[in-house]
Amino acid sequence: MDSGIWAAPGRVNLIGEHTDYNDGFVLPFALPLRATVSASRHDSPQWTATSEEQPGEVRFGPGTDGPDGWGRYVAGVVWALREAGYEPPGADLRISSDIPVGAGLSSSHALECAVLTALCDLGNLDLPLADRPALVQRAENGYVGAPTGIMDQTASLMCRAGHALFLDCRSMATEHIPFDLAAADMAILVIDTKAPHQHSDGEYGVRRRTCEEAAQLLGIPALRDVTDLDEALAKLPDEVSRKRVRHVVTENQRVLDTVALLRAGRFADTGPLLTASHASMRDDYEITVPEVDTAVSAALDAGAYGARMTGGGFGGCVLALIDAPAADRVSGAVAKAFADRGFAPPAAFTAIPSNGATRLTD
Ligand code: GAF
């Protein structure tokens, strides 16, 4: 195969925030929004990339400096493949994406996953699907320089339409949990608060380090291994670590409880867990901002079963579990609350659980 078109989606995380790098549990689903890569291979080890949304042409290869900006996501995938002993084919890549950038919907991971899938197919690389998330994480951590966990890439590569992906971030065991909200006349409303979401610039890394240090103090491999929360909290020397640990431990349990309810088809009953997750991110993990707190409160006041910020935090998107016919009413209530508080207008859309990365052409 010499050319083709590949796509990989962004994601929302239904619940399980900042649990992935603590070896915990997450429950994302893929969006219909995606990054698309039209690629053709050539024989020399050179890569070019253009983007319909971003300026500039990216060019790199052996002996040239790596690109800046969005090109780093492309070059990072090539780098990680080579690091892992694969020989990715040289290629010309044309990229487009309808995932809003900086909204916490994983636009960069979608780009990386689309590029990886394209290069694996073009080069007939024998890289099993199960090994791909870790390779994309290596690109992010080792090349792009963002200390992210394993959730977003796994979601973008592995999610299935009509399902949420229950992922154990320690064993990497996955289970596709049926999540056909439309059949229950329900929906997930995603509200982009437009508050800029930035997790690579410090706070994300600080949270991650605090968790790792707390696990070390507790003498366990990761916070996933806390079995008695009160006992663990009593051993920690400061209030900040106690709050961070409490979030991670209670959030893992909320994921398990949500999965149990979804398995029983009790979608509406997951609402309080979503809202409790938000309170934990706001009060214990301290990663929310006034725009997301306002969106959550307004959605709940307008009748949502539950609502929470989704993604890394410090801005980005909120999701609300609603009856499908209530979408306009809830998004209108959030827009009014934003106007009342002088925030920029939010955007909202209904999220349909969609498929992971795929080749679009035969
Ligand atoms: C970001 C990271 F990329 C994920 O790995 C995860 O930690 C998430 O924030 C928080 O749950 O999206």
# chains A, B, ... in the order shown; residues from 1 in each chain; ligands from 1
>>> residues_around(residues="range 206-223 of chain A", least_positions_apart="2", cutoff="9 Å", atoms="only C-alpha atoms", output="PDB file with N, CA and C atoms, in the first residue's frame")
ATOM      1  N   HIS A  18      -7.297  11.768  36.310  1.00  0.00           N
ATOM      2  CA  HIS A  18      -5.980  11.749  36.975  1.00  0.00           C
ATOM      3  C   HIS A  18      -5.771  10.442  37.742  1.00  0.00           C
ATOM      4  N   THR A  19      -6.437   9.413  37.282  1.00  0.00           N
ATOM      5  CA  THR A  19      -6.220   8.082  37.853  1.00  0.00           C
ATOM      6  C   THR A  19      -5.270   7.267  36.979  1.00  0.00           C
ATOM      7  N   TYR A  21      -2.266   7.779  35.580  1.00  0.00           N
ATOM      8  CA  TYR A  21      -0.851   7.687  35.968  1.00  0.00           C
ATOM      9  C   TYR A  21      -0.680   7.224  37.419  1.00  0.00           C
ATOM     10  N   ASN A  22      -1.772   6.882  38.065  1.00  0.00           N
ATOM     11  CA  ASN A  22      -1.709   6.240  39.386  1.00  0.00           C
ATOM     12  C   ASN A  22      -2.079   4.759  39.288  1.00  0.00           C
ATOM     13  N   ASP A  23      -1.924   4.206  38.078  1.00  0.00           N
ATOM     14  CA  ASP A  23      -2.208   2.787  37.803  1.00  0.00           C
ATOM     15  C   ASP A  23      -3.667   2.429  38.045  1.00  0.00           C
ATOM     16  N   GLY A  24      -4.556   3.409  37.924  1.00  0.00           N
ATOM     17  CA  GLY A  24      -5.950   3.204  38.293  1.00  0.00           C
ATOM     18  C   GLY A  24      -6.853   2.899  37.113  1.00  0.00           C
ATOM     19  N   PRO A 147       4.010  15.175  30.385  1.00  0.00           N
ATOM     20  CA  PRO A 147       4.073  13.975  31.241  1.00  0.00           C
ATOM     21  C   PRO A 147       2.727  13.268  31.390  1.00  0.00           C
ATOM     22  N   THR A 148       2.021  13.067  30.271  1.00  0.00           N
ATOM     23  CA  THR A 148       0.660  12.525  30.326  1.00  0.00           C
ATOM     24  C   THR A 148       0.655  11.028  30.621  1.00  0.00           C
ATOM     25  N   GLY A 202       3.067  22.613  33.767  1.00  0.00           N
ATOM     26  CA  GLY A 202       3.364  22.687  35.191  1.00  0.00           C
ATOM     27  C   GLY A 202       2.397  21.984  36.113  1.00  0.00           C
ATOM     28  N   GLU A 203       1.148  22.461  36.176  1.00  0.00           N
ATOM     29  CA  GLU A 203       0.253  21.951  37.224  1.00  0.00           C
ATOM     30  C   GLU A 203      -0.019  20.449  37.089  1.00  0.00           C
ATOM     31  N   TYR A 204      -0.152  19.989  35.851  1.00  0.00           N
ATOM     32  CA  TYR A 204      -0.368  18.551  35.635  1.00  0.00           C
ATOM     33  C   TYR A 204       0.821  17.771  36.209  1.00  0.00           C
ATOM     34  N   ASP A 225      -2.825   1.185  44.893  1.00  0.00           N
ATOM     35  CA  ASP A 225      -2.657   0.132  45.889  1.00  0.00           C
ATOM     36  C   ASP A 225      -3.105   0.534  47.290  1.00  0.00           C
ATOM     37  N   VAL A 226      -3.657   1.744  47.443  1.00  0.00           N
ATOM     38  CA  VAL A 226      -4.197   2.115  48.759  1.00  0.00           C
ATOM     39  C   VAL A 226      -5.418   1.231  49.033  1.00  0.00           C
ATOM     40  N   ALA A 232      -4.137   5.452  55.165  1.00  0.00           N
ATOM     41  CA  ALA A 232      -3.160   6.112  54.292  1.00  0.00           C
ATOM     42  C   ALA A 232      -3.102   7.608  54.606  1.00  0.00           C
ATOM     43  N   LYS A 235      -1.055   8.655  57.514  1.00  0.00           N
ATOM     44  CA  LYS A 235       0.404   8.530  57.376  1.00  0.00           C
ATOM     45  C   LYS A 235       1.024   9.683  56.595  1.00  0.00           C
ATOM     46  N   LEU A 236       0.183  10.495  55.968  1.00  0.00           N
ATOM     47  CA  LEU A 236       0.737  11.542  55.095  1.00  0.00           C
ATOM     48  C   LEU A 236       0.973  12.827  55.889  1.00  0.00           C
ATOM     49  N   VAL A 240      -2.001  18.944  51.532  1.00  0.00           N
ATOM     50  CA  VAL A 240      -2.085  18.874  50.068  1.00  0.00           C
ATOM     51  C   VAL A 240      -2.004  17.416  49.604  1.00  0.00           C
ATOM     52  N   SER A 241      -1.029  16.665  50.106  1.00  0.00           N
ATOM     53  CA  SER A 241      -0.956  15.252  49.668  1.00  0.00           C
ATOM     54  C   SER A 241      -2.189  14.492  50.107  1.00  0.00           C
ATOM     55  N   ARG A 242      -2.701  14.793  51.290  1.00  0.00           N
ATOM     56  CA  ARG A 242      -3.903  14.066  51.737  1.00  0.00           C
ATOM     57  C   ARG A 242      -5.057  14.303  50.755  1.00  0.00           C
ATOM     58  N   ARG A 244      -4.877  15.181  47.548  1.00  0.00           N
ATOM     59  CA  ARG A 244      -4.624  14.553  46.245  1.00  0.00           C
ATOM     60  C   ARG A 244      -4.875  13.038  46.323  1.00  0.00           C
ATOM     61  N   VAL A 245      -4.420  12.430  47.406  1.00  0.00           N
ATOM     62  CA  VAL A 245      -4.605  10.982  47.546  1.00  0.00           C
ATOM     63  C   VAL A 245      -6.092  10.658  47.680  1.00  0.00           C
ATOM     64  N   VAL A 248      -7.715  10.619  44.256  1.00  0.00           N
ATOM     65  CA  VAL A 248      -7.375   9.468  43.395  1.00  0.00           C
ATOM     66  C   VAL A 248      -8.067   8.202  43.894  1.00  0.00           C
ATOM     67  N   VAL A 249      -8.026   7.990  45.207  1.00  0.00           N
ATOM     68  CA  VAL A 249      -8.588   6.749  45.748  1.00  0.00           C
ATOM     69  C   VAL A 249     -10.118   6.739  45.583  1.00  0.00           C
ATOM     70  N   TYR A 285      -8.520  17.785  44.311  1.00  0.00           N
ATOM     71  CA  TYR A 285      -7.429  17.806  43.332  1.00  0.00           C
ATOM     72  C   TYR A 285      -7.120  19.230  42.880  1.00  0.00           C
TER      73      TYR A 285
END
>>> select_by_dssp(residues="range 77-273 of chain A", states="strand (DSSP E or B)", output="PyMOL selection string")
chain A and resi 90-97+163-168+174-178+186-192
>>> residues_near_ligand(ligand="ligand 1", cutoff="7 Å", atoms="only C-alpha atoms and all ligand atoms", output="list in words")
Gly16, Glu17, His18, Thr19, Asp20, Tyr21, Gly104, Ser106, Thr148, Gly149, Ile150, Met151, Asp152, Gly311 and Gly312 of chain A
>>> write_last_selection(atoms="C-alpha atoms", output="compact mmCIF listing (two decimals), in the first residue's frame")
# COMPACT_ATOMS: atom_id res chain seq x y z
CA GLY A 16 -11.75 8.51 36.20
CA GLU A 17 -9.68 11.68 36.12
CA HIS A 18 -5.98 11.75 36.97
CA THR A 19 -6.22 8.08 37.85
CA ASP A 20 -4.35 6.76 34.79
CA TYR A 21 -0.85 7.69 35.97
CA GLY A 104 -9.27 19.01 26.69
CA SER A 106 -7.38 15.13 23.25
CA THR A 148 0.66 12.52 30.33
CA GLY A 149 -0.70 9.10 31.27
CA ILE A 150 -2.02 6.33 29.00
CA MET A 151 -5.77 7.07 28.85
CA ASP A 152 -6.15 9.35 25.85
CA GLY A 311 -9.89 15.78 30.91
CA GLY A 312 -6.76 17.16 32.48
>>> select_by_dssp(residues="range 44-212 of chain A", states="helix (DSSP H, G or I)", output="MDAnalysis selection string")
chainID A and resid 71:83 107:122 129:144 151:158 182:184 203:212
>>> closest_atom_pairs(of="range 170-233 of chain A", to="range 339-347 of chain A", cutoff="7 Å", atoms="only C-alpha atoms", output="JSON lines")
{"residue": "A:Ile191", "atom": "CA", "partner": "A:Ala347", "partner_atom": "CA", "distance": 5.7}
{"residue": "A:Asp192", "atom": "CA", "partner": "A:Ala347", "partner_atom": "CA", "distance": 5.1}
{"residue": "A:Thr193", "atom": "CA", "partner": "A:Pro346", "partner_atom": "CA", "distance": 4.8}
{"residue": "A:Lys194", "atom": "CA", "partner": "A:Pro346", "partner_atom": "CA", "distance": 6.0}
>>> residues_around(residues="range 67-69 of chain A", least_positions_apart="5", cutoff="10 Å", atoms="only C-alpha atoms", output="VMD selection string")
chain A and resid 54 to 61 74 to 76 144
>>> write_last_selection(atoms="N, CA, C and O atoms", output="compact mmCIF listing (two decimals), in the first residue's frame")
# COMPACT_ATOMS: atom_id res chain seq x y z
N GLN A 54 -3.52 24.47 10.80
CA GLN A 54 -2.34 25.11 11.40
C GLN A 54 -1.42 25.61 10.29
O GLN A 54 -1.30 24.97 9.25
N PRO A 55 -0.74 26.72 10.52
CA PRO A 55 0.14 27.25 9.48
C PRO A 55 1.45 26.45 9.36
O PRO A 55 1.85 25.77 10.29
N GLY A 56 2.07 26.59 8.20
CA GLY A 56 3.42 26.09 8.03
C GLY A 56 3.47 24.67 7.50
O GLY A 56 2.52 23.91 7.62
N GLU A 57 4.63 24.35 6.87
CA GLU A 57 4.87 22.97 6.44
C GLU A 57 5.98 22.40 7.31
O GLU A 57 6.98 23.07 7.58
N VAL A 58 5.79 21.19 7.75
CA VAL A 58 6.76 20.52 8.61
C VAL A 58 7.60 19.60 7.74
O VAL A 58 7.06 18.88 6.90
N ARG A 59 8.92 19.64 7.94
CA ARG A 59 9.83 18.72 7.23
C ARG A 59 10.87 18.22 8.19
O ARG A 59 11.47 19.03 8.91
N PHE A 60 11.08 16.94 8.23
CA PHE A 60 12.16 16.44 9.08
C PHE A 60 12.64 15.09 8.55
O PHE A 60 11.98 14.45 7.74
N GLY A 61 13.82 14.73 9.01
CA GLY A 61 14.43 13.47 8.61
C GLY A 61 15.77 13.36 9.31
O GLY A 61 16.13 14.25 10.09
N VAL A 74 3.82 14.90 15.15
CA VAL A 74 4.12 14.00 14.03
C VAL A 74 5.52 13.41 14.22
O VAL A 74 5.71 12.19 14.16
N ALA A 75 6.49 14.29 14.47
CA ALA A 75 7.87 13.82 14.62
C ALA A 75 8.01 12.90 15.83
O ALA A 75 8.82 11.96 15.81
N GLY A 76 7.22 13.15 16.88
CA GLY A 76 7.29 12.32 18.09
C GLY A 76 6.90 10.88 17.80
O GLY A 76 7.49 9.94 18.34
N VAL A 144 7.58 14.99 22.89
CA VAL A 144 6.83 16.26 23.01
C VAL A 144 7.13 16.91 24.37
O VAL A 144 7.19 18.14 24.49
>>> residues_around(residues="Ala327 in chain A", least_positions_apart="4", cutoff="12 Å", atoms="only C-alpha atoms", output="list of chain:residue names")
A:Asp185, A:Met186, A:Ala187, A:Ile188, A:Leu189, A:Val190, A:Ile191, A:Ala299, A:Ala302, A:Gly303, A:Ala304, A:Leu319, A:Ala320, A:Leu321, A:Ile322, A:Asp323, A:Ser331, A:Gly332, A:Ala333, A:Val334, A:Ala348, A:Phe349, A:Thr350, A:Ala351
>>> closest_residue(among="A:Ile99, A:Arg246, A:Ala139, A:Val296", to="Asp228 in chain A", atoms="only C-alpha atoms")
A:Arg246
>>> decode(residues="range 250-266 of chain A", atoms="all heavy atoms", output="short mmCIF file (atom, residue, chain, number, x, y, z; two decimals), in the first residue's frame")
data_model
loop_
_atom_site.label_atom_id
_atom_site.label_comp_id
_atom_site.auth_asym_id
_atom_site.auth_seq_id
_atom_site.Cartn_x
_atom_site.Cartn_y
_atom_site.Cartn_z
N THR A 250 -10.76 7.85 45.89
CA THR A 250 -12.23 7.87 45.76
C THR A 250 -12.64 7.84 44.28
O THR A 250 -13.66 7.26 43.91
CB THR A 250 -12.86 9.10 46.46
OG1 THR A 250 -12.31 10.31 45.90
CG2 THR A 250 -12.60 9.06 47.96
N GLU A 251 -11.83 8.45 43.43
CA GLU A 251 -12.17 8.48 41.99
C GLU A 251 -12.09 7.07 41.39
O GLU A 251 -12.94 6.68 40.59
CB GLU A 251 -11.22 9.44 41.26
CG GLU A 251 -11.51 9.64 39.78
CD GLU A 251 -12.69 10.57 39.48
OE1 GLU A 251 -13.44 10.94 40.41
OE2 GLU A 251 -12.84 10.93 38.30
N ASN A 252 -11.08 6.31 41.80
CA ASN A 252 -11.00 4.92 41.31
C ASN A 252 -12.27 4.16 41.68
O ASN A 252 -12.82 3.42 40.86
CB ASN A 252 -9.78 4.21 41.91
CG ASN A 252 -8.54 4.42 41.05
OD1 ASN A 252 -8.63 4.54 39.84
ND2 ASN A 252 -7.39 4.47 41.70
N GLN A 253 -12.73 4.35 42.91
CA GLN A 253 -13.94 3.65 43.34
C GLN A 253 -15.16 4.12 42.54
O GLN A 253 -16.02 3.32 42.17
CB GLN A 253 -14.17 3.87 44.85
CG GLN A 253 -15.29 3.01 45.42
CD GLN A 253 -15.05 1.51 45.19
OE1 GLN A 253 -13.97 0.99 45.46
NE2 GLN A 253 -16.06 0.80 44.67
N ARG A 254 -15.19 5.43 42.25
CA ARG A 254 -16.33 5.94 41.46
C ARG A 254 -16.34 5.31 40.06
O ARG A 254 -17.40 5.07 39.49
CB ARG A 254 -16.27 7.47 41.36
CG ARG A 254 -16.77 8.18 42.62
CD ARG A 254 -16.85 9.70 42.41
NE ARG A 254 -15.54 10.32 42.36
CZ ARG A 254 -14.88 10.78 43.43
NH1 ARG A 254 -15.40 10.70 44.63
NH2 ARG A 254 -13.68 11.33 43.28
N VAL A 255 -15.17 5.09 39.49
CA VAL A 255 -15.14 4.43 38.17
C VAL A 255 -15.74 3.03 38.28
O VAL A 255 -16.60 2.64 37.48
CB VAL A 255 -13.69 4.34 37.61
CG1 VAL A 255 -13.69 3.59 36.28
CG2 VAL A 255 -13.09 5.72 37.43
N LEU A 256 -15.30 2.29 39.29
CA LEU A 256 -15.82 0.92 39.45
C LEU A 256 -17.33 0.94 39.66
O LEU A 256 -18.06 0.13 39.09
CB LEU A 256 -15.11 0.22 40.61
CG LEU A 256 -13.58 0.07 40.47
CD1 LEU A 256 -12.98 -0.57 41.71
CD2 LEU A 256 -13.24 -0.75 39.23
N ASP A 257 -17.80 1.90 40.47
CA ASP A 257 -19.25 1.98 40.73
C ASP A 257 -20.00 2.36 39.45
O ASP A 257 -21.11 1.86 39.19
CB ASP A 257 -19.53 3.02 41.82
CG ASP A 257 -18.97 2.58 43.18
OD1 ASP A 257 -18.61 1.40 43.32
OD2 ASP A 257 -18.86 3.44 44.08
N THR A 258 -19.42 3.26 38.66
CA THR A 258 -20.07 3.67 37.41
C THR A 258 -20.16 2.49 36.45
O THR A 258 -21.20 2.25 35.83
CB THR A 258 -19.28 4.83 36.75
OG1 THR A 258 -19.21 5.91 37.68
CG2 THR A 258 -19.93 5.30 35.47
N VAL A 259 -19.07 1.74 36.34
CA VAL A 259 -19.07 0.57 35.45
C VAL A 259 -20.17 -0.41 35.87
O VAL A 259 -20.92 -0.93 35.03
CB VAL A 259 -17.68 -0.11 35.44
CG1 VAL A 259 -17.73 -1.47 34.76
CG2 VAL A 259 -16.66 0.79 34.74
N ALA A 260 -20.30 -0.63 37.19
CA ALA A 260 -21.33 -1.57 37.67
C ALA A 260 -22.72 -1.08 37.28
O ALA A 260 -23.57 -1.86 36.83
CB ALA A 260 -21.21 -1.74 39.19
N LEU A 261 -22.96 0.21 37.40
CA LEU A 261 -24.28 0.75 37.04
C LEU A 261 -24.51 0.66 35.53
O LEU A 261 -25.62 0.34 35.08
CB LEU A 261 -24.39 2.21 37.51
CG LEU A 261 -24.53 2.39 39.03
CD1 LEU A 261 -24.38 3.86 39.42
CD2 LEU A 261 -25.88 1.86 39.51
N LEU A 262 -23.49 0.96 34.74
CA LEU A 262 -23.66 0.88 33.28
C LEU A 262 -23.95 -0.57 32.86
O LEU A 262 -24.78 -0.82 31.99
CB LEU A 262 -22.41 1.38 32.55
CG LEU A 262 -22.06 2.87 32.66
CD1 LEU A 262 -20.94 3.23 31.68
CD2 LEU A 262 -23.26 3.77 32.41
N ARG A 263 -23.23 -1.50 33.50
CA ARG A 263 -23.47 -2.91 33.15
C ARG A 263 -24.92 -3.30 33.42
O ARG A 263 -25.50 -4.12 32.74
CB ARG A 263 -22.57 -3.82 33.99
CG ARG A 263 -21.15 -3.90 33.47
CD ARG A 263 -20.45 -5.09 34.13
NE ARG A 263 -19.05 -5.12 33.79
CZ ARG A 263 -18.06 -4.98 34.68
NH1 ARG A 263 -18.33 -4.80 35.97
NH2 ARG A 263 -16.81 -5.03 34.29
N ALA A 264 -25.51 -2.66 34.46
CA ALA A 264 -26.91 -2.95 34.81
C ALA A 264 -27.87 -2.08 34.00
O ALA A 264 -29.09 -2.12 34.24
CB ALA A 264 -27.12 -2.73 36.30
N GLY A 265 -27.34 -1.28 33.07
CA GLY A 265 -28.19 -0.41 32.24
C GLY A 265 -28.78 0.75 33.01
O GLY A 265 -29.72 1.40 32.53
N ARG A 266 -28.24 1.04 34.21
CA ARG A 266 -28.81 2.11 35.05
C ARG A 266 -28.07 3.43 34.79
O ARG A 266 -27.36 3.96 35.66
CB ARG A 266 -28.72 1.69 36.52
CG ARG A 266 -29.63 0.50 36.83
CD ARG A 266 -29.37 -0.08 38.21
NE ARG A 266 -29.47 0.95 39.27
CZ ARG A 266 -29.06 0.76 40.52
NH1 ARG A 266 -28.51 -0.39 40.87
NH2 ARG A 266 -29.17 1.72 41.41
#
